[in-house]
Amino acid sequence: MIDGKKVIFSGMQPSGDLTLGNYLGALKNWVQLSDEYMTFFCVVDEHAITVRQDPATLRKRVRELMALYIAAGLDPEKNCIYVQSHVSCHAELAWILNCFTYVGELQRMTQFKDKSAKHADNINAGLLTYPVLMAADILLYQTDVVPVGIDQKQHLEITRNIAERFNNIYGDVFTIPDIYLGKAGTRIMSLQDPLHKMSKSDENDNATIHLLDGRDAVIRKFKRAITDSEAQIRYREEQPGIRNLIDIYCACTGKTPQETEKEFDGKGYGEFKIAVGEAVADLLDPLQKRYKEILADKSYLEGIMKTNGERAEYYARKTLRKVQKKVGFVEKIR
Ligand code: TRP
């Protein structure tokens, strides 16, 4: 709790271009949460370097992601949006928590196994201890709730385990965070393979709507979306492609699947796909305009990074000091 409000923490990696899935599944939900909670939304550049990054590209992407958070509607006065590496407490707490985490439990993480397979030439220790840094992110702010996708559930569980283990030894130091998976239907699937999640690293460009795709590209990709030969627009499991399109349409327009079925009753897939494409483009249009404006104003963005980084540091430092004292570090004379 901070100032009588429950605390939310979440983060995204500045690696790869964000997709419509990131927006509808995560960012859009974050905006809705920001009235009720004290929120911290972090650009996790330290996590990003667990796989090789080109320095200039990483720098660019951090700024872009900051701009996108704001463009998506996160007011930087109300939400603490900042860059992970600007608050050194994250790395410091991660070190301490490393000493309360077992190698075996880290080796069991599915993301570690997947990424080790994918980057077999660079299985560095950071890849293994990735979840410990994530635990530090979350625990530094005495976080109550962490909105993330289902793929991060295991990391949330290990965070809770580490926190409980620490609290069992030293007393109530950390708040034990809960996961928040968001509403059903916000899991956006690939346009080319509706059984798999829309991914920013998909090799087939037609599978993914990038947040910065222009209207023509958006509509072209929807026209090519994989559907089926049922020739009816119905919201059901047997038609995963159409179902995904309905989910996207509903997320953009606020309509329900039932209303959408009715609206397109008897109409062809071609017409429906264009309608979904238009709805998505209408949603992305203003976001892209704001994004470009924010990114163009370098000093504005830098000001936000500075003030919000300092604000985050204030809260993080409090927890870190407490932890350092508990484990027996001699207090630094200031
Ligand atoms: N691991 C998360 C992801 O890849 C990003 C992340 C890092 C995060 N630290 C976090 C998410 C803390 C929530 C809370 O999506």
# chains A, B, ... in the order shown; residues from 1 in each chain; ligands from 1
call {"tool": "closest_atom_pairs", "arguments": {"of": "chain A", "to": "ligand 1", "cutoff": "9 Å", "atoms": "only C-alpha atoms and all ligand atoms", "output": "CSV"}}
result
residue,atom,partner,partner_atom_place_in_ligand_line,distance
A:Ile8,CA,ligand 1,14 (C),9.0
A:Phe9,CA,ligand 1,14 (C),5.7
A:Ser10,CA,ligand 1,13 (C),3.8
A:Gly11,CA,ligand 1,8 (C),4.2
A:Met12,CA,ligand 1,5 (C),4.7
A:Gln13,CA,ligand 1,5 (C),5.7
A:Phe41,CA,ligand 1,14 (C),8.4
A:Cys42,CA,ligand 1,9 (N),7.5
A:Val43,CA,ligand 1,7 (C),8.1
A:Val44,CA,ligand 1,7 (C),5.7
A:Asp45,CA,ligand 1,7 (C),8.8
A:Glu46,CA,ligand 1,7 (C),8.7
A:His47,CA,ligand 1,7 (C),6.4
A:Ala48,CA,ligand 1,4 (O),8.6
A:Gln84,CA,ligand 1,9 (N),8.9
A:Tyr130,CA,ligand 1,1 (N),7.8
A:Pro131,CA,ligand 1,1 (N),7.4
A:Leu133,CA,ligand 1,9 (N),7.1
A:Met134,CA,ligand 1,9 (N),4.2
A:Ala135,CA,ligand 1,12 (C),6.9
A:Ala136,CA,ligand 1,12 (C),8.2
A:Asp137,CA,ligand 1,12 (C),5.5
A:Ile138,CA,ligand 1,12 (C),5.4
A:Val146,CA,ligand 1,14 (C),6.0
A:Pro147,CA,ligand 1,13 (C),6.7
A:Val148,CA,ligand 1,13 (C),5.8
A:Gly149,CA,ligand 1,15 (O),7.2
A:Asp151,CA,ligand 1,15 (O),7.8
A:Gln152,CA,ligand 1,1 (N),6.4
A:His155,CA,ligand 1,1 (N),7.5
A:Leu156,CA,ligand 1,14 (C),8.0
call {"tool": "residues_around", "arguments": {"residues": "Arg63 (chain A)", "least_positions_apart": "5", "cutoff": "10 Å", "atoms": "only C-alpha atoms", "output": "ChimeraX atom specification"}}
result
/A:14,43,58,68,83,294-295,298,301-302,305
call {"tool": "residues_around", "arguments": {"residues": "region 164-181 of chain A", "least_positions_apart": "3", "cutoff": "9 Å", "atoms": "only C-alpha atoms", "output": "list in words"}}
result
Met1, Leu97, Phe100, Thr101, Ile138, Leu139, Leu140, Tyr141, Gln142, Thr143, Asp144, Val145, Val146, Pro147, Val148, Gly149, Ile150, Lys153, Leu156, Glu157, Thr159, Arg160, Asn161, Ala184, Thr319, Lys322, Val323, Lys326 and Val327 of chain A
call {"tool": "closest_residue", "arguments": {"among": "A:Leu212, A:Lys78, A:Asn98, A:Lys6", "to": "Tyr23 (chain A)", "atoms": "only C-alpha atoms"}}
result
A:Leu212
call {"tool": "residues_around", "arguments": {"residues": "Ala207 (chain A)", "least_positions_apart": "6", "cutoff": "7 Å", "atoms": "only C-alpha atoms", "output": "JSON, numbers by chain"}}
result
{"A": [190, 191, 192, 198]}
call {"tool": "write_last_selection", "arguments": {"atoms": "N, CA, C and O atoms", "output": "CSV table (one decimal), in the first residue's frame"}}
result
chain,number,residue,atom,x,y,z
A,190,SER,N,-2.4,-15.0,-33.3
A,190,SER,CA,-1.8,-14.8,-34.6
A,190,SER,C,-2.9,-14.8,-35.7
A,190,SER,O,-3.8,-15.6,-35.7
A,191,LEU,N,-2.8,-13.9,-36.7
A,191,LEU,CA,-3.7,-13.8,-37.8
A,191,LEU,C,-3.5,-15.0,-38.8
A,191,LEU,O,-4.4,-15.3,-39.6
A,192,GLN,N,-2.3,-15.6,-38.7
A,192,GLN,CA,-2.0,-16.7,-39.7
A,192,GLN,C,-2.2,-18.1,-39.0
A,192,GLN,O,-2.2,-19.1,-39.7
A,198,MET,N,-0.5,-14.0,-30.8
A,198,MET,CA,0.2,-13.0,-31.7
A,198,MET,C,1.5,-12.6,-31.1
A,198,MET,O,1.6,-12.2,-29.9
call {"tool": "atom_distance", "arguments": {"atom1": "CA of Gly214 (chain A)", "atom2": "CA of Gly277 (chain A)"}}
result
10.8 Å
call {"tool": "atom_distance", "arguments": {"atom1": "CA of Leu195 (chain A)", "atom2": "CA of Gly241 (chain A)"}}
result
8.1 Å
call {"tool": "decode", "arguments": {"residues": "region 166-201 of chain A", "atoms": "N, CA and C atoms", "output": "PDB file, in the first residue's frame"}}
result
ATOM      1  N   PHE A 166      11.840 -15.282   2.234  1.00  0.00           N
ATOM      2  CA  PHE A 166      12.537 -14.181   2.910  1.00  0.00           C
ATOM      3  C   PHE A 166      11.768 -13.755   4.176  1.00  0.00           C
ATOM      4  N   ASN A 167      10.457 -13.591   4.017  1.00  0.00           N
ATOM      5  CA  ASN A 167       9.623 -13.179   5.159  1.00  0.00           C
ATOM      6  C   ASN A 167       9.668 -14.205   6.296  1.00  0.00           C
ATOM      7  N   ASN A 168       9.761 -15.484   5.936  1.00  0.00           N
ATOM      8  CA  ASN A 168       9.807 -16.516   6.971  1.00  0.00           C
ATOM      9  C   ASN A 168      11.045 -16.392   7.843  1.00  0.00           C
ATOM     10  N   ILE A 169      12.114 -15.909   7.234  1.00  0.00           N
ATOM     11  CA  ILE A 169      13.351 -15.759   7.996  1.00  0.00           C
ATOM     12  C   ILE A 169      13.379 -14.430   8.753  1.00  0.00           C
ATOM     13  N   TYR A 170      12.963 -13.348   8.078  1.00  0.00           N
ATOM     14  CA  TYR A 170      13.214 -11.996   8.620  1.00  0.00           C
ATOM     15  C   TYR A 170      11.972 -11.250   9.097  1.00  0.00           C
ATOM     16  N   GLY A 171      10.804 -11.884   9.006  1.00  0.00           N
ATOM     17  CA  GLY A 171       9.575 -11.165   9.378  1.00  0.00           C
ATOM     18  C   GLY A 171       8.951 -10.527   8.151  1.00  0.00           C
ATOM     19  N   ASP A 172       7.880  -9.760   8.350  1.00  0.00           N
ATOM     20  CA  ASP A 172       7.117  -9.241   7.211  1.00  0.00           C
ATOM     21  C   ASP A 172       7.834  -8.107   6.492  1.00  0.00           C
ATOM     22  N   VAL A 173       8.708  -8.449   5.585  1.00  0.00           N
ATOM     23  CA  VAL A 173       9.438  -7.418   4.838  1.00  0.00           C
ATOM     24  C   VAL A 173       8.715  -7.094   3.530  1.00  0.00           C
ATOM     25  N   PHE A 174       8.304  -8.149   2.835  1.00  0.00           N
ATOM     26  CA  PHE A 174       7.690  -7.953   1.517  1.00  0.00           C
ATOM     27  C   PHE A 174       6.191  -8.231   1.529  1.00  0.00           C
ATOM     28  N   THR A 175       5.457  -7.432   0.769  1.00  0.00           N
ATOM     29  CA  THR A 175       4.064  -7.761   0.460  1.00  0.00           C
ATOM     30  C   THR A 175       4.080  -8.915  -0.540  1.00  0.00           C
ATOM     31  N   ILE A 176       3.199  -9.888  -0.337  1.00  0.00           N
ATOM     32  CA  ILE A 176       3.126 -11.010  -1.287  1.00  0.00           C
ATOM     33  C   ILE A 176       2.175 -10.613  -2.425  1.00  0.00           C
ATOM     34  N   PRO A 177       2.693 -10.500  -3.644  1.00  0.00           N
ATOM     35  CA  PRO A 177       1.871  -9.987  -4.755  1.00  0.00           C
ATOM     36  C   PRO A 177       0.937 -11.031  -5.361  1.00  0.00           C
ATOM     37  N   ASP A 178      -0.194 -10.550  -5.843  1.00  0.00           N
ATOM     38  CA  ASP A 178      -1.122 -11.409  -6.589  1.00  0.00           C
ATOM     39  C   ASP A 178      -0.974 -11.139  -8.077  1.00  0.00           C
ATOM     40  N   ILE A 179      -1.258 -12.158  -8.867  1.00  0.00           N
ATOM     41  CA  ILE A 179      -1.249 -11.989 -10.320  1.00  0.00           C
ATOM     42  C   ILE A 179      -2.626 -11.486 -10.763  1.00  0.00           C
ATOM     43  N   TYR A 180      -2.654 -10.662 -11.813  1.00  0.00           N
ATOM     44  CA  TYR A 180      -3.920 -10.225 -12.390  1.00  0.00           C
ATOM     45  C   TYR A 180      -3.867 -10.535 -13.878  1.00  0.00           C
ATOM     46  N   LEU A 181      -4.700 -11.481 -14.296  1.00  0.00           N
ATOM     47  CA  LEU A 181      -4.591 -11.951 -15.682  1.00  0.00           C
ATOM     48  C   LEU A 181      -5.489 -11.196 -16.664  1.00  0.00           C
ATOM     49  N   GLY A 182      -6.263 -10.256 -16.174  1.00  0.00           N
ATOM     50  CA  GLY A 182      -7.102  -9.476 -17.086  1.00  0.00           C
ATOM     51  C   GLY A 182      -8.334 -10.228 -17.517  1.00  0.00           C
ATOM     52  N   LYS A 183      -9.125  -9.579 -18.341  1.00  0.00           N
ATOM     53  CA  LYS A 183     -10.383 -10.177 -18.765  1.00  0.00           C
ATOM     54  C   LYS A 183     -10.151 -11.221 -19.848  1.00  0.00           C
ATOM     55  N   ALA A 184     -11.058 -12.176 -19.923  1.00  0.00           N
ATOM     56  CA  ALA A 184     -10.981 -13.168 -21.001  1.00  0.00           C
ATOM     57  C   ALA A 184     -11.222 -12.453 -22.325  1.00  0.00           C
ATOM     58  N   GLY A 185     -10.730 -13.031 -23.367  1.00  0.00           N
ATOM     59  CA  GLY A 185     -10.994 -12.442 -24.682  1.00  0.00           C
ATOM     60  C   GLY A 185      -9.969 -11.412 -25.103  1.00  0.00           C
ATOM     61  N   THR A 186      -9.066 -11.049 -24.179  1.00  0.00           N
ATOM     62  CA  THR A 186      -8.054 -10.077 -24.566  1.00  0.00           C
ATOM     63  C   THR A 186      -6.769 -10.758 -25.028  1.00  0.00           C
ATOM     64  N   ARG A 187      -6.813 -12.090 -25.069  1.00  0.00           N
ATOM     65  CA  ARG A 187      -5.651 -12.818 -25.584  1.00  0.00           C
ATOM     66  C   ARG A 187      -5.753 -12.846 -27.103  1.00  0.00           C
ATOM     67  N   ILE A 188      -4.941 -12.047 -27.739  1.00  0.00           N
ATOM     68  CA  ILE A 188      -5.037 -11.893 -29.188  1.00  0.00           C
ATOM     69  C   ILE A 188      -4.122 -12.908 -29.872  1.00  0.00           C
ATOM     70  N   MET A 189      -4.692 -13.632 -30.839  1.00  0.00           N
ATOM     71  CA  MET A 189      -3.959 -14.708 -31.489  1.00  0.00           C
ATOM     72  C   MET A 189      -3.389 -14.260 -32.841  1.00  0.00           C
ATOM     73  N   SER A 190      -2.436 -15.019 -33.329  1.00  0.00           N
ATOM     74  CA  SER A 190      -1.830 -14.764 -34.639  1.00  0.00           C
ATOM     75  C   SER A 190      -2.901 -14.758 -35.739  1.00  0.00           C
ATOM     76  N   LEU A 191      -2.758 -13.872 -36.728  1.00  0.00           N
ATOM     77  CA  LEU A 191      -3.732 -13.831 -37.818  1.00  0.00           C
ATOM     78  C   LEU A 191      -3.509 -14.973 -38.813  1.00  0.00           C
ATOM     79  N   GLN A 192      -2.334 -15.593 -38.732  1.00  0.00           N
ATOM     80  CA  GLN A 192      -2.025 -16.683 -39.661  1.00  0.00           C
ATOM     81  C   GLN A 192      -2.170 -18.055 -39.008  1.00  0.00           C
ATOM     82  N   ASP A 193      -2.164 -18.080 -37.673  1.00  0.00           N
ATOM     83  CA  ASP A 193      -2.280 -19.342 -36.949  1.00  0.00           C
ATOM     84  C   ASP A 193      -3.020 -19.072 -35.640  1.00  0.00           C
ATOM     85  N   PRO A 194      -4.358 -19.061 -35.712  1.00  0.00           N
ATOM     86  CA  PRO A 194      -5.152 -18.590 -34.568  1.00  0.00           C
ATOM     87  C   PRO A 194      -5.061 -19.475 -33.324  1.00  0.00           C
ATOM     88  N   LEU A 195      -4.269 -20.542 -33.391  1.00  0.00           N
ATOM     89  CA  LEU A 195      -4.084 -21.344 -32.180  1.00  0.00           C
ATOM     90  C   LEU A 195      -2.875 -20.859 -31.388  1.00  0.00           C
ATOM     91  N   HIS A 196      -2.111 -19.927 -31.971  1.00  0.00           N
ATOM     92  CA  HIS A 196      -0.955 -19.388 -31.262  1.00  0.00           C
ATOM     93  C   HIS A 196      -1.086 -17.883 -31.044  1.00  0.00           C
ATOM     94  N   LYS A 197      -0.480 -17.437 -29.950  1.00  0.00           N
ATOM     95  CA  LYS A 197      -0.553 -16.031 -29.561  1.00  0.00           C
ATOM     96  C   LYS A 197       0.114 -15.135 -30.608  1.00  0.00           C
ATOM     97  N   MET A 198      -0.453 -13.955 -30.831  1.00  0.00           N
ATOM     98  CA  MET A 198       0.195 -12.985 -31.704  1.00  0.00           C
ATOM     99  C   MET A 198       1.524 -12.592 -31.060  1.00  0.00           C
ATOM    100  N   SER A 199       2.595 -12.683 -31.823  1.00  0.00           N
ATOM    101  CA  SER A 199       3.919 -12.493 -31.223  1.00  0.00           C
ATOM    102  C   SER A 199       4.720 -11.450 -31.985  1.00  0.00           C
ATOM    103  N   LYS A 200       5.514 -10.671 -31.225  1.00  0.00           N
ATOM    104  CA  LYS A 200       6.308  -9.652 -31.904  1.00  0.00           C
ATOM    105  C   LYS A 200       7.478 -10.248 -32.663  1.00  0.00           C
ATOM    106  N   SER A 201       7.783 -11.520 -32.381  1.00  0.00           N
ATOM    107  CA  SER A 201       8.932 -12.109 -33.074  1.00  0.00           C
ATOM    108  C   SER A 201       8.524 -13.086 -34.175  1.00  0.00           C
TER     109      SER A 201
END
